[in-house]
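To keep things clear, I will list the structure first and then write my remarks on it.
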Amino acid sequence: MKALPVEPSNAPVAIGSRIRAARQAQRLTIEQVADATGLTKGFLSRVERDLTSPSVASLVTLCQVLSVSVGDLFAAPETHLTRAGTGPKISLGGEGIVERLLTARSERRLQIIEATIEPRGRGESELYAVDCDVDVLHVVKGQLTLILTNQQFDLHQGDTLSFPGREPHTWVNPTDEPAEVLWILVPAASR
């Protein structure tokens, strides 16, 4: 088997915005980072704007101060694309509902579920809870009534309701028109 030749790229690698984000995440000013690294504020500003590249030694020192690994600055971000209508179908219960998972199955930080609910479609007859900290319901189209143990919310297109994920609830589409909603669960519901 013949190895493919790899040509080096002369394109600069833009890491400045990641360095700036790491600095801001640590709630550090450029002046504080300059003091800690021995680099000048002007130089750090140019690095953050990708106007200059730091030496390897400066980059290592900068990463130590910012508590990030050098490799993280160059790693491609983890992404997941779900095209309209292509998310895998899932079923969390209810009648007259088609649910599609929009986030990656492996995503644990949050879960977004797109649901199309037929006219008069409904959730479980008994109140149920989802194993997550926060449950967010956003009505994209139509209407939906969310029923909690001691409250009821009549939601219309554009309305968004947040409530504790472990709060017992159910829902119903009270109209003769289909409803489209998004459920956002934080973190993703346990399986």
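So you can find residues: chains in the structure tokens are A, B, ... in the order shown, residues in each start at 1, and ligands are numbered from 1 in order.
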(Q) Give me the residues near range 85-96 of chain A as a PyMOL selection string, where near means some atom within 10 Å (using only C-alpha atoms) and where sequence neighbours in that chain fewer than 3 positions away do not count. (A) chain A and resi 81-82+99-105+113-125+128+130+170-173+178
Within 8 Å of Ser45 in chain A, counting only C-alpha atoms, which residues show up once you throw out same-chain ones fewer than 4 positions away? Write them as an mmCIF file with C-alpha atoms, in the first residue's frame, please.
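Contents of the output file part12.cif:
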data_model
loop_
_atom_site.group_PDB
_atom_site.id
_atom_site.type_symbol
_atom_site.label_atom_id
_atom_site.label_comp_id
_atom_site.auth_asym_id
_atom_site.auth_seq_id
_atom_site.Cartn_x
_atom_site.Cartn_y
_atom_site.Cartn_z
ATOM 1 C CA ILE A 30 -5.630 40.541 29.670
ATOM 2 C CA LYS A 41 -0.909 43.022 27.046
ATOM 3 C CA ARG A 49 -7.358 38.563 17.518
#
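Here CA of Thr37 in chain A is placed at a distance of 16.1 Å from CA of Gly16 in chain A.
Residues surrounding range 141-147 of chain A within 8 Å are Phe153, Asp154, Leu155, His156, Gln157, Gly158, His169, Thr170, Trp171, Val172, Asn173, Pro174, Thr175, Glu177, Pro178, Ala179, Glu180 and Val181 of chain A [only C-alpha atoms; sequence separation below 6 positions excluded].
Pairwise distance (CA of Arg166 in chain A, CA of Gln152 in chain A) equals 16.3 Å.
The shortest atom-to-atom distance to His138 in chain A, with only C-alpha atoms taken into account, belongs to A:Leu182 out of A:Leu182, A:Ile97, A:Val47, A:Ala188.
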Q. Hey, what's within 10 Å of Asp50 in chain A if we count only C-alpha atoms and toss same-chain stuff fewer than 4 positions away? As a list in words, please?
A. Pro12, Val13, Ala14, Ile15, Gly16, Ser17, Ile19, Leu44, Ser45, Arg46 and Pro54 of chain A
Residues just named, written with N, CA and C atoms as a JSON list (two decimals), in the first residue's frame:
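Below you can see part02.json, which holds the result:
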[["chain", "number", "residue", "atom", "x", "y", "z"],
["A", 12, "PRO", "N", -3.01, 29.80, 8.30],
["A", 12, "PRO", "CA", -2.83, 29.95, 9.74],
["A", 12, "PRO", "C", -3.99, 29.31, 10.50],
["A", 13, "VAL", "N", -3.68, 28.76, 11.67],
["A", 13, "VAL", "CA", -4.70, 28.15, 12.51],
["A", 13, "VAL", "C", -5.21, 29.24, 13.46],
["A", 14, "ALA", "N", -6.49, 29.49, 13.41],
["A", 14, "ALA", "CA", -7.09, 30.55, 14.22],
["A", 14, "ALA", "C", -7.44, 30.00, 15.61],
["A", 15, "ILE", "N", -6.61, 30.33, 16.59],
["A", 15, "ILE", "CA", -6.85, 29.86, 17.96],
["A", 15, "ILE", "C", -7.13, 31.01, 18.91],
["A", 16, "GLY", "N", -7.04, 32.22, 18.41],
["A", 16, "GLY", "CA", -7.19, 33.40, 19.25],
["A", 16, "GLY", "C", -8.53, 33.46, 19.98],
["A", 17, "SER", "N", -9.62, 33.16, 19.28],
["A", 17, "SER", "CA", -10.93, 33.24, 19.93],
["A", 17, "SER", "C", -11.06, 32.18, 21.03],
["A", 19, "ILE", "N", -8.50, 31.11, 22.87],
["A", 19, "ILE", "CA", -7.69, 31.63, 23.97],
["A", 19, "ILE", "C", -8.48, 32.70, 24.72],
["A", 44, "LEU", "N", -0.69, 39.80, 23.84],
["A", 44, "LEU", "CA", -1.84, 38.92, 24.12],
["A", 44, "LEU", "C", -3.08, 39.36, 23.34],
["A", 45, "SER", "N", -3.27, 40.66, 23.23],
["A", 45, "SER", "CA", -4.40, 41.17, 22.46],
["A", 45, "SER", "C", -4.29, 40.76, 21.00],
["A", 46, "ARG", "N", -3.10, 40.86, 20.44],
["A", 46, "ARG", "CA", -2.89, 40.46, 19.03],
["A", 46, "ARG", "C", -3.09, 38.95, 18.86],
["A", 54, "PRO", "N", 1.73, 32.93, 18.85],
["A", 54, "PRO", "CA", 2.72, 32.82, 19.92],
["A", 54, "PRO", "C", 3.72, 31.71, 19.62]]
Q. Where in range 68-173 of chain A does DSSP assign strand (DSSP E or B), given as a ChimeraX atom specification?
A. /A:89-90,95-101,111-122,128,134-141,143-148,152-156,160-164,169-172
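Residue neighbourhood of Val70 in chain A, excluding near-sequence residues (fewer than 5 positions): Ile15, Arg18, Ile19, Ala22, Pro54, Val56, Ala57, Ser58, Leu59, Val60, Thr61, Leu62, Cys63, Gln64, Val65 and Ala75 of chain A, at 12 Å, using only C-alpha atoms.
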Using N, CA and C atoms, can you write the selected residues to a file as an mmCIF file, in the first residue's frame?
data_model
loop_
_atom_site.group_PDB
_atom_site.id
_atom_site.type_symbol
_atom_site.label_atom_id
_atom_site.label_comp_id
_atom_site.auth_asym_id
_atom_site.auth_seq_id
_atom_site.Cartn_x
_atom_site.Cartn_y
_atom_site.Cartn_z
ATOM 1 N N ILE A 15 -6.612 30.329 16.595
ATOM 2 C CA ILE A 15 -6.850 29.857 17.961
ATOM 3 C C ILE A 15 -7.135 31.013 18.910
ATOM 4 N N ARG A 18 -10.409 31.038 20.862
ATOM 5 C CA ARG A 18 -10.443 30.013 21.909
ATOM 6 C C ARG A 18 -9.611 30.446 23.114
ATOM 7 N N ILE A 19 -8.501 31.112 22.867
ATOM 8 C CA ILE A 19 -7.688 31.634 23.970
ATOM 9 C C ILE A 19 -8.484 32.697 24.724
ATOM 10 N N ALA A 22 -11.157 31.051 26.805
ATOM 11 C CA ALA A 22 -10.583 30.413 27.995
ATOM 12 C C ALA A 22 -10.251 31.459 29.050
ATOM 13 N N PRO A 54 1.731 32.930 18.851
ATOM 14 C CA PRO A 54 2.718 32.816 19.924
ATOM 15 C C PRO A 54 3.717 31.706 19.617
ATOM 16 N N VAL A 56 5.917 28.378 20.675
ATOM 17 C CA VAL A 56 5.483 27.179 21.397
ATOM 18 C C VAL A 56 5.623 27.399 22.898
ATOM 19 N N ALA A 57 6.738 27.977 23.316
ATOM 20 C CA ALA A 57 6.961 28.217 24.746
ATOM 21 C C ALA A 57 5.913 29.170 25.313
ATOM 22 N N SER A 58 5.606 30.241 24.591
ATOM 23 C CA SER A 58 4.597 31.193 25.054
ATOM 24 C C SER A 58 3.223 30.539 25.096
ATOM 25 N N LEU A 59 2.925 29.718 24.094
ATOM 26 C CA LEU A 59 1.628 29.040 24.042
ATOM 27 C C LEU A 59 1.471 28.082 25.217
ATOM 28 N N VAL A 60 2.515 27.325 25.530
ATOM 29 C CA VAL A 60 2.464 26.384 26.659
ATOM 30 C C VAL A 60 2.244 27.152 27.962
ATOM 31 N N THR A 61 2.959 28.239 28.162
ATOM 32 C CA THR A 61 2.803 29.053 29.371
ATOM 33 C C THR A 61 1.391 29.622 29.448
ATOM 34 N N LEU A 62 0.907 30.139 28.342
ATOM 35 C CA LEU A 62 -0.432 30.698 28.277
ATOM 36 C C LEU A 62 -1.485 29.646 28.631
ATOM 37 N N CYS A 63 -1.344 28.451 28.082
ATOM 38 C CA CYS A 63 -2.293 27.368 28.351
ATOM 39 C C CYS A 63 -2.250 26.947 29.822
ATOM 40 N N GLN A 64 -1.075 26.945 30.417
ATOM 41 C CA GLN A 64 -0.965 26.604 31.841
ATOM 42 C C GLN A 64 -1.709 27.623 32.694
ATOM 43 N N VAL A 65 -1.538 28.896 32.398
ATOM 44 C CA VAL A 65 -2.213 29.951 33.152
ATOM 45 C C VAL A 65 -3.726 29.870 32.960
ATOM 46 N N ALA A 75 -8.264 21.357 18.462
ATOM 47 C CA ALA A 75 -9.234 20.289 18.191
ATOM 48 C C ALA A 75 -10.469 20.843 17.484
#
